[in-house]
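Notes for the one structure printed next.
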2 protein chains.
Amino acid sequence: MADLLRQNVRRTIDYTLSDEEYELLSGFFFKKSFDKKAVLAEEGTTCRYVYFILKGSCYSYIVNRQGDKHAVQFAIEEHWITDHYSFFSQRKGIYTIETLEPTEVLMLNRDSYNKLCKTSHLFEHFMRVLMQNSIVALQYRISKTNSESAKDRYLEFSGLYPHFIQRIPQYLIASYLGIKPQSLSRIRKELSN
Amino acid sequence: MADLLRQNVRRTIDYTLSDEEYELLSGFFFKKSFDKKAVLAEEGTTCRYVYFILKGSCYSYIVNRQGDKHAVQFAIEEHWITDHYSFFSQRKGIYTIETLEPTEVLMLNRDSYNKLCKTSHLFEHFMRVLMQNSIVALQYRISKTNSESAKDRYLEFSGLYPHFIQRIPQYLIASYLGIKPQSLSRIRKELSN
DNA sequence: CGTTTGCTTGAATTCTGTCAAAGCAGGTGG
DNA sequence: CCACCTGCTTTGACAGAATTCAAGCAAACG
């Protein structure tokens, strides 16, 4: 799909951009391709972009004091990803974002983001609804993390995001679910009986 | 503070509402008082309002299959709370929101919320930034839940929200942190040595 | 003043993590 | 084209952390 961004706007706020509107909007983004394992944003340095995935996939993770990586978010085609903390505050990032495959993205920097929000009520609306949806998902994830067993969380995850199960290595899914790869392996073994 | 809402707008988007703007805005809200343990929103029924706390405190929780309550969010003065999922989708709620003390709130229903967003770029901006801030906090909480021990999570929580420790019963804080009250009690004992 | 509610503590159990090793698959270079 | 390497998954034995069950206690409440 060439106009993945236009499609995303339509899906999100049920509004179809005219050709002029679409041209205007996409003028603020620029397209870029990354290899597998490329770093889009790095802990310790300011995250300067929000990324919209056109093709490929990536994930964000945090590193704790012991040096372990913990997956925070996955993003595939038509998903948005950034270090929200760093991007909005312009402070040092706390997450690293890395591609899982060769990946093509649209990038929007902070100035463009601000300008779009300021000059276009429609864009601000779009962003508000995107964030609304994120909050719903994040809060749901938190409540499930605290109230369900690892097995049930895995079942729910694989039900909600079957395409992720295909494309994302198991040790990252384990870390996303807050368990070790060995534990996930045992859960899967138990479920296969 | 009489104009807690005006103060919240100023703090959030660094903009001071004129008297007319403030009058116009607050005309969409209505004020209401609740007893302790009053239910503001209930699992299974559509959540019709977002609440802004003027005085008092409340919390949202989810109930799992085993019937255990799990605290999802706490809200005190100048905080916003709702069942985001239900409020925005207008479907049956998945969280219950209950007061912890006698509590005074401003309530905004879905129609007013929509109308405000549609007619006022400023309000939409305000909401967008509120949500942006929520996402930062929620994502941070998820990453810490998955990467830190219960002890470290408690230490961080009590450092970030010392006022919560004062006002919120320990068993709810335990549930917010994803552990049992007995475990939190043991953690606190260990920390006091 | 008795009842309820929340916090603490102990002992036994269950679940997840840790450590170590082996198996497996895909990719690379000889 | 095959052998090897590397990264990921699986498995087993054991250690450790959190839960469960149960009891006791103190403060708050009606």
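Each chain in the structure tokens gets a letter, A, B and so on, in the order shown; residues start at 1 in every chain, and ligands are counted from 1 in the order they appear.
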
| request: Give me the residues within 9 Å of segment 153-159 of chain B as a PyMOL selection string, counting only C-alpha atoms (C1' of nucleotides) and dropping any in the same chain fewer than 4 places off. | output: chain B and resi 144-145+148-149+163-165+173-174+177+184+187-188

| said: I need the residues in chain A that are helix (DSSP H, G or I) according to DSSP; give them as a VMD selection string. | reply: chain A and resid 4 to 13 19 to 26 84 to 89 110 to 119 121 to 147 150 to 160 162 to 167 170 to 177 181 to 191

| field | Expected answer as a PyMOL selection string: chain A residues within 7 Å of chain B, only C-alpha atoms | value | chain A and resi 62+64+70+72+84-85+121+124-125+128+131-132+135-136+138+142-143+146-147+178

| task | Could you give me the residues within chain A that DSSP places in strand (DSSP E or B), as number ranges by chain? | result | A: 30-34, 39-41, 46, 49-55, 58-63, 69-75, 80-81, 92, 96-99, 103-109

| Within 10 Å of Lys180 of chain B using only C-alpha atoms (C1' of nucleotides), minus same-chain residues under 6 positions, as an NGL selection string | (:B and (170-174)) or (:D and (18-19))

Keeping C-alpha atoms (C1' of nucleotides) for every residue in the selection just given, could you write it to a file as a CSV table (one decimal), in the first residue's frame?
```csv
chain,number,residue,atom,x,y,z
B,170,GLN,CA,-1.1,-0.6,51.7
B,171,TYR,CA,-3.1,-3.5,50.2
B,172,LEU,CA,-4.0,-1.3,47.2
B,173,ILE,CA,-0.5,-0.2,46.7
B,174,ALA,CA,0.6,-3.8,46.7
D,18,DA,C1',6.3,-14.7,45.9
D,19,DT,C1',1.8,-16.9,47.1
```

| Exercise: Val50 of chain A partners within 8 Å, only C-alpha atoms (C1' of nucleotides), chain neighbours under 6 positions left out, as a count of residues only | 8

| message | When you look at DA22 of chain D with a cut-off of 10 Å (counting only C-alpha atoms (C1' of nucleotides)), what residues show up, excluding the ones that are within fewer than 2 positions of it in the same chain? I need them as a ChimeraX atom specification. | response | /C:10-11 /D:20,24

Output N, CA and C atoms (P, O5', C5', C4', C3', O3' and C1' of nucleotides) for every residue in that selection, as a PDB file, in the first residue's frame.
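Final output, result-v7.pdb:
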```
ATOM      1  P    DG C  10       7.987 -14.093  62.363  1.00  0.00           P
ATOM      2  O5'  DG C  10       7.286 -15.473  62.010  1.00  0.00           O
ATOM      3  C5'  DG C  10       6.386 -16.070  62.945  1.00  0.00           C
ATOM      4  C4'  DG C  10       5.900 -17.400  62.411  1.00  0.00           C
ATOM      5  C3'  DG C  10       6.967 -18.223  61.681  1.00  0.00           C
ATOM      6  O3'  DG C  10       6.915 -19.569  62.160  1.00  0.00           O
ATOM      7  C1'  DG C  10       5.074 -17.927  60.277  1.00  0.00           C
ATOM      8  P    DA C  11       7.954 -20.687  61.706  1.00  0.00           P
ATOM      9  O5'  DA C  11       7.063 -21.545  60.697  1.00  0.00           O
ATOM     10  C5'  DA C  11       5.795 -22.051  61.125  1.00  0.00           C
ATOM     11  C4'  DA C  11       5.211 -22.895  60.013  1.00  0.00           C
ATOM     12  C3'  DA C  11       6.245 -23.775  59.286  1.00  0.00           C
ATOM     13  O3'  DA C  11       5.640 -25.022  58.974  1.00  0.00           O
ATOM     14  C1'  DA C  11       5.244 -22.291  57.744  1.00  0.00           C
TER      15       DA C  11
ATOM     16  P    DT D  20      -2.075 -16.565  45.704  1.00  0.00           P
ATOM     17  O5'  DT D  20      -2.172 -17.679  46.837  1.00  0.00           O
ATOM     18  C5'  DT D  20      -1.717 -18.996  46.574  1.00  0.00           C
ATOM     19  C4'  DT D  20      -1.829 -19.817  47.841  1.00  0.00           C
ATOM     20  C3'  DT D  20      -3.115 -19.586  48.645  1.00  0.00           C
ATOM     21  O3'  DT D  20      -3.693 -20.863  48.908  1.00  0.00           O
ATOM     22  C1'  DT D  20      -1.211 -19.399  50.046  1.00  0.00           C
ATOM     23  P    DG D  24      -4.051 -17.525  67.176  1.00  0.00           P
ATOM     24  O5'  DG D  24      -3.427 -16.066  67.238  1.00  0.00           O
ATOM     25  C5'  DG D  24      -2.015 -15.887  67.104  1.00  0.00           C
ATOM     26  C4'  DG D  24      -1.740 -14.402  66.975  1.00  0.00           C
ATOM     27  C3'  DG D  24      -2.511 -13.543  67.986  1.00  0.00           C
ATOM     28  O3'  DG D  24      -1.620 -12.608  68.558  1.00  0.00           O
ATOM     29  C1'  DG D  24      -2.891 -12.754  65.800  1.00  0.00           C
TER      30       DG D  24
END
```

Proximal residues of chain A relative to chain D (only C-alpha atoms (C1' of nucleotides); 9 Å) as a PDB file with C-alpha atoms, in the first residue's frame:
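File iface_28.pdb, as written:
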```
ATOM      1  CA  PRO A 169      11.645 -14.039  18.203  1.00  0.00           C
ATOM      2  CA  GLN A 170      10.338 -15.846  21.234  1.00  0.00           C
ATOM      3  CA  TYR A 171      12.874 -14.425  23.640  1.00  0.00           C
ATOM      4  CA  PRO A 181      12.634 -17.262  27.517  1.00  0.00           C
ATOM      5  CA  GLN A 182      12.966 -20.575  29.376  1.00  0.00           C
ATOM      6  CA  SER A 185       9.309 -22.254  26.327  1.00  0.00           C
ATOM      7  CA  ARG A 186       7.858 -24.322  29.190  1.00  0.00           C
TER       8      ARG A 186
END
```

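Note that atom CA of Val9 of chain A and atom CA of Ile97 of chain A are 23.5 Å apart.
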
Please, which residues in chain C fall within 12 Å of chain B when counting only C-alpha atoms (C1' of nucleotides), and what is the closest atom pair and distance in Å to one decimal for each, ordered by chain then residue number, as a Markdown table?
```
| residue | atom | partner | partner_atom | distance |
| --- | --- | --- | --- | --- |
| C:DT5 | C1' | B:Pro169 | CA | 10.8 |
| C:DG6 | C1' | B:Tyr171 | CA | 7.9 |
| C:DC7 | C1' | B:Ser185 | CA | 7.5 |
| C:DT8 | C1' | B:Ser185 | CA | 6.9 |
| C:DT9 | C1' | B:Arg186 | CA | 8.8 |
| C:DG10 | C1' | B:Gln182 | CA | 11.6 |
```

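Taking atom CA of Lys36 of chain B as the reference point, atom CA of Leu4 of chain B is found at 21.2 Å.
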
| query | In Å, with one decimal, what is the gap from atom CA of Pro162 of chain A to atom CA of Glu43 of chain A? | reply | 29.1 Å
